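Here is the structure we will look at, set down as structure tokens.
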Amino acid sequence: DIQMTQSPSTLSASVGDRVTITCRASQSISSWLAWYQQKPGKAPKLLIYKASSLESEVPSRFSGSGSGTEFTLTISSLQPDDFATYYCQQYDTYNTFGQGTKLEIK
Amino acid sequence: QVQLQESGPGLVKTSETLSLTCTVSGGSMSTYYWSWIRQPAGKALEWIGRIYTSGSTKYNPSLKSRVTMSVDTSKNQFSLKLTSVTAADTAVYYCARGLNNNHVPPHYYFDYWGQGTLVTVSS
């Protein structure tokens with residue numbers, strides 16, 4: 001099984017900050033990685049696929065990078081709507097999600 | 001606009017079978033990989049399994065012995081059965097569409113999700 005580990009588990013930041021979330025895979029997954037945003041009581045929303053491709057209609061302040069085992073999601077300038085929980089997902093072998101990173105208002 | 005809607009009982013008794021259906025509207029089921037994903041309260045997402053429109057399935061190894069998925073393209077629906085449920089199976093269950101972009105073997109991420117349905121397992 002491929003395990004996905006996100007860090008940090010919780011991140012406190014302010015509107016306008018630049019933030020980065022890291023996701024590490026237990027083995028190489030090439031670029032088969034997606035990022036999702038989830039708000040309370042809602043389904044996850046796709047942000048990034050294939051490590052760095054921005055999903056249609058997702059704001060350009062979101063970006064993804066990495067390959068192999070280490071990946072990052074960066075939000076260049078936090079907006080009030082961005083406070084949520086973020087999950088990475090590997091889709092190299094089956095599908096596995098990270099444990100999530102909760103982005104809180106400082 | 002593609003929409004997915006889960007339906008099924010919100011309460012299932014311990015040791016019985018959980019059955020859910022996902023109805024897809026606004027698009028064809030062809031060429032996509034249809035998955036079930038669950039999320040216990042306050043916890044992470046767990047992929048349960050997927051089915052292709054041909055009927056081909058792949059299941060999470062940790063749940064494989066208890067999971068069966070089926071598809072009915074004439075009704076634009078796919079279904080989940082999870083047997084011998086316990087309290088640990090209590091979760092919000094989502095159906096989702098997997099987009100492959102013609103890769104062989106398939107590598108798919110989830111671009112459309114249902115709103116989720118809470119299933120509680122209790123005696």
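Residues in the structure tokens are named by chain (A, B, ... in the order shown) and by number from 1 within that chain; ligands are numbered from 1 in the order shown.
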
Mind the document's chain letters and residue numbers, and return as a PyMOL selection string the residues of chain B that DSSP labels strand (DSSP E). chain B and resi 3-7+11-13+18-25+33-39+46-52+57-59+67-72+77-82+91-99+109-113+117-122

Set the cut-off to 6 Å and count only C-alpha atoms: what are the residues of chain B that reach chain A? Output as a PyMOL selection string. chain B and resi 44+107+111+115

Skipping near chain neighbours, those fewer than 3 positions away, what residues fall within 9 Å of region 80-96 of chain B using only C-alpha atoms, listed as a PDB file with C-alpha atoms, in the first residue's frame?
ATOM      1  CA  ALA A  43     -17.716  17.198  -0.668  1.00  0.00           C
TER       2      ALA A  43
ATOM      3  CA  LEU B   4     -23.984  12.774  -8.731  1.00  0.00           C
ATOM      4  CA  GLN B   5     -26.515  11.884  -6.057  1.00  0.00           C
ATOM      5  CA  GLU B   6     -26.147   9.162  -3.422  1.00  0.00           C
ATOM      6  CA  VAL B  12     -27.890   0.014   9.015  1.00  0.00           C
ATOM      7  CA  LYS B  13     -27.815  -2.605  11.741  1.00  0.00           C
ATOM      8  CA  THR B  14     -24.564  -4.163  12.868  1.00  0.00           C
ATOM      9  CA  SER B  15     -23.600  -7.275  10.854  1.00  0.00           C
ATOM     10  CA  GLU B  16     -26.010  -6.428   8.043  1.00  0.00           C
ATOM     11  CA  THR B  17     -25.312  -5.129   4.524  1.00  0.00           C
ATOM     12  CA  LEU B  18     -24.938  -1.475   3.619  1.00  0.00           C
ATOM     13  CA  SER B  19     -26.374  -0.693   0.175  1.00  0.00           C
ATOM     14  CA  LEU B  20     -26.025   2.616  -1.635  1.00  0.00           C
ATOM     15  CA  THR B  21     -26.764   3.816  -5.162  1.00  0.00           C
ATOM     16  CA  CYS B  22     -25.292   6.766  -7.026  1.00  0.00           C
ATOM     17  CA  TYR B  33     -14.114   5.306 -13.499  1.00  0.00           C
ATOM     18  CA  TRP B  34     -16.847   5.492 -10.861  1.00  0.00           C
ATOM     19  CA  SER B  35     -15.780   5.298  -7.236  1.00  0.00           C
ATOM     20  CA  TRP B  36     -17.084   5.157  -3.711  1.00  0.00           C
ATOM     21  CA  ILE B  37     -15.155   7.070  -1.053  1.00  0.00           C
ATOM     22  CA  ARG B  38     -16.021   7.386   2.624  1.00  0.00           C
ATOM     23  CA  GLN B  39     -15.130   9.701   5.477  1.00  0.00           C
ATOM     24  CA  PRO B  40     -15.764   8.982   9.168  1.00  0.00           C
ATOM     25  CA  ALA B  41     -16.589  12.078  11.178  1.00  0.00           C
ATOM     26  CA  GLY B  49     -13.361   0.950  -4.781  1.00  0.00           C
ATOM     27  CA  LEU B  63     -12.177  -3.791   2.327  1.00  0.00           C
ATOM     28  CA  SER B  65     -13.595  -9.168   1.171  1.00  0.00           C
ATOM     29  CA  ARG B  66     -16.749  -7.188   2.056  1.00  0.00           C
ATOM     30  CA  VAL B  67     -17.283  -4.950  -1.007  1.00  0.00           C
ATOM     31  CA  THR B  68     -19.252  -5.463  -4.192  1.00  0.00           C
ATOM     32  CA  MET B  69     -19.899  -2.760  -6.761  1.00  0.00           C
ATOM     33  CA  SER B  70     -22.176  -2.904  -9.789  1.00  0.00           C
ATOM     34  CA  PHE B 110     -11.906  12.692  -8.961  1.00  0.00           C
ATOM     35  CA  ASP B 111     -13.400  15.686 -10.727  1.00  0.00           C
ATOM     36  CA  TYR B 112     -17.059  15.380  -9.718  1.00  0.00           C
ATOM     37  CA  TRP B 113     -18.422  14.264  -6.349  1.00  0.00           C
ATOM     38  CA  GLY B 114     -21.850  13.650  -4.891  1.00  0.00           C
ATOM     39  CA  GLN B 115     -22.890  15.652  -1.842  1.00  0.00           C
ATOM     40  CA  GLY B 116     -22.376  12.635   0.409  1.00  0.00           C
ATOM     41  CA  THR B 117     -24.750  10.595   2.533  1.00  0.00           C
ATOM     42  CA  LEU B 118     -24.294   9.754   6.195  1.00  0.00           C
ATOM     43  CA  VAL B 119     -24.616   6.081   7.020  1.00  0.00           C
ATOM     44  CA  THR B 120     -24.744   5.131  10.676  1.00  0.00           C
ATOM     45  CA  VAL B 121     -24.204   1.555  11.788  1.00  0.00           C
ATOM     46  CA  SER B 122     -25.882   0.679  15.044  1.00  0.00           C
ATOM     47  CA  SER B 123     -27.376  -2.311  16.759  1.00  0.00           C
TER      48      SER B 123
END

If I take CA of Asp82 (chain A) and CA of Asn100 (chain B), how far is one from the other in Å, to one decimal? 27.3 Å

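Here CA of Gln6 (chain A) and CA of Tyr86 (chain A) stand 9.3 Å from one another.
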
Expressed in Å, the length from CA of Gln1 (chain B) to CA of Lys102 (chain A) is 29.3 Å

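Each of A:Leu54, A:Ala25, A:Leu103, A:Ala84 was compared to Thr69 (chain A) using only C-alpha atoms, and A:Ala25 turns out to be the nearest.
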
Shell around Pro80 (chain A) at 10 Å using only C-alpha atoms, local window under 2 positions removed, as a compact mmCIF listing (two decimals) with all heavy atoms, in the first residue's frame:
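result.txt, freshly written:
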# COMPACT_ATOMS: atom_id res chain seq x y z
N SER A 14 -2.86 34.09 8.03
CA SER A 14 -3.69 35.27 7.89
C SER A 14 -4.00 35.55 6.42
O SER A 14 -3.26 35.09 5.52
CB SER A 14 -2.97 36.49 8.49
OG SER A 14 -2.68 36.28 9.84
N VAL A 15 -5.07 36.28 6.19
CA VAL A 15 -5.40 36.69 4.82
C VAL A 15 -4.20 37.42 4.23
O VAL A 15 -3.58 38.27 4.88
CB VAL A 15 -6.65 37.59 4.81
CG1 VAL A 15 -6.89 38.17 3.43
CG2 VAL A 15 -7.88 36.79 5.27
N GLY A 16 -3.86 37.04 3.01
CA GLY A 16 -2.72 37.63 2.32
C GLY A 16 -1.43 36.84 2.45
O GLY A 16 -0.48 37.08 1.69
N LEU A 78 -3.45 34.15 0.58
CA LEU A 78 -4.66 33.57 1.16
C LEU A 78 -5.85 34.53 1.11
O LEU A 78 -5.73 35.72 1.44
CB LEU A 78 -4.43 33.19 2.61
CG LEU A 78 -3.88 31.80 2.91
CD1 LEU A 78 -3.59 31.65 4.39
CD2 LEU A 78 -4.83 30.71 2.43
N ASP A 82 -10.41 30.58 1.43
CA ASP A 82 -9.45 29.48 1.36
C ASP A 82 -9.30 28.71 2.67
O ASP A 82 -8.63 27.67 2.70
CB ASP A 82 -8.07 30.01 0.94
CG ASP A 82 -8.08 30.67 -0.41
OD1 ASP A 82 -9.01 30.39 -1.20
OD2 ASP A 82 -7.18 31.49 -0.68
N PHE A 83 -9.89 29.20 3.74
CA PHE A 83 -9.74 28.50 5.02
C PHE A 83 -10.63 27.26 4.99
O PHE A 83 -11.85 27.33 4.92
CB PHE A 83 -10.07 29.44 6.18
CG PHE A 83 -9.03 30.53 6.30
CD1 PHE A 83 -9.23 31.77 5.71
CD2 PHE A 83 -7.83 30.30 6.96
CE1 PHE A 83 -8.27 32.76 5.80
CE2 PHE A 83 -6.87 31.28 7.05
CZ PHE A 83 -7.08 32.52 6.46
N ALA A 84 -9.97 26.11 5.00
CA ALA A 84 -10.61 24.82 4.75
C ALA A 84 -9.61 23.74 5.08
O ALA A 84 -8.50 24.02 5.54
CB ALA A 84 -11.04 24.72 3.29
N ILE A 105 -7.66 30.32 10.40
CA ILE A 105 -7.38 31.76 10.47
C ILE A 105 -6.58 32.05 11.74
O ILE A 105 -6.95 31.62 12.84
CB ILE A 105 -8.68 32.58 10.50
CG1 ILE A 105 -9.49 32.31 9.23
CG2 ILE A 105 -8.38 34.07 10.64
CD1 ILE A 105 -10.85 32.96 9.23
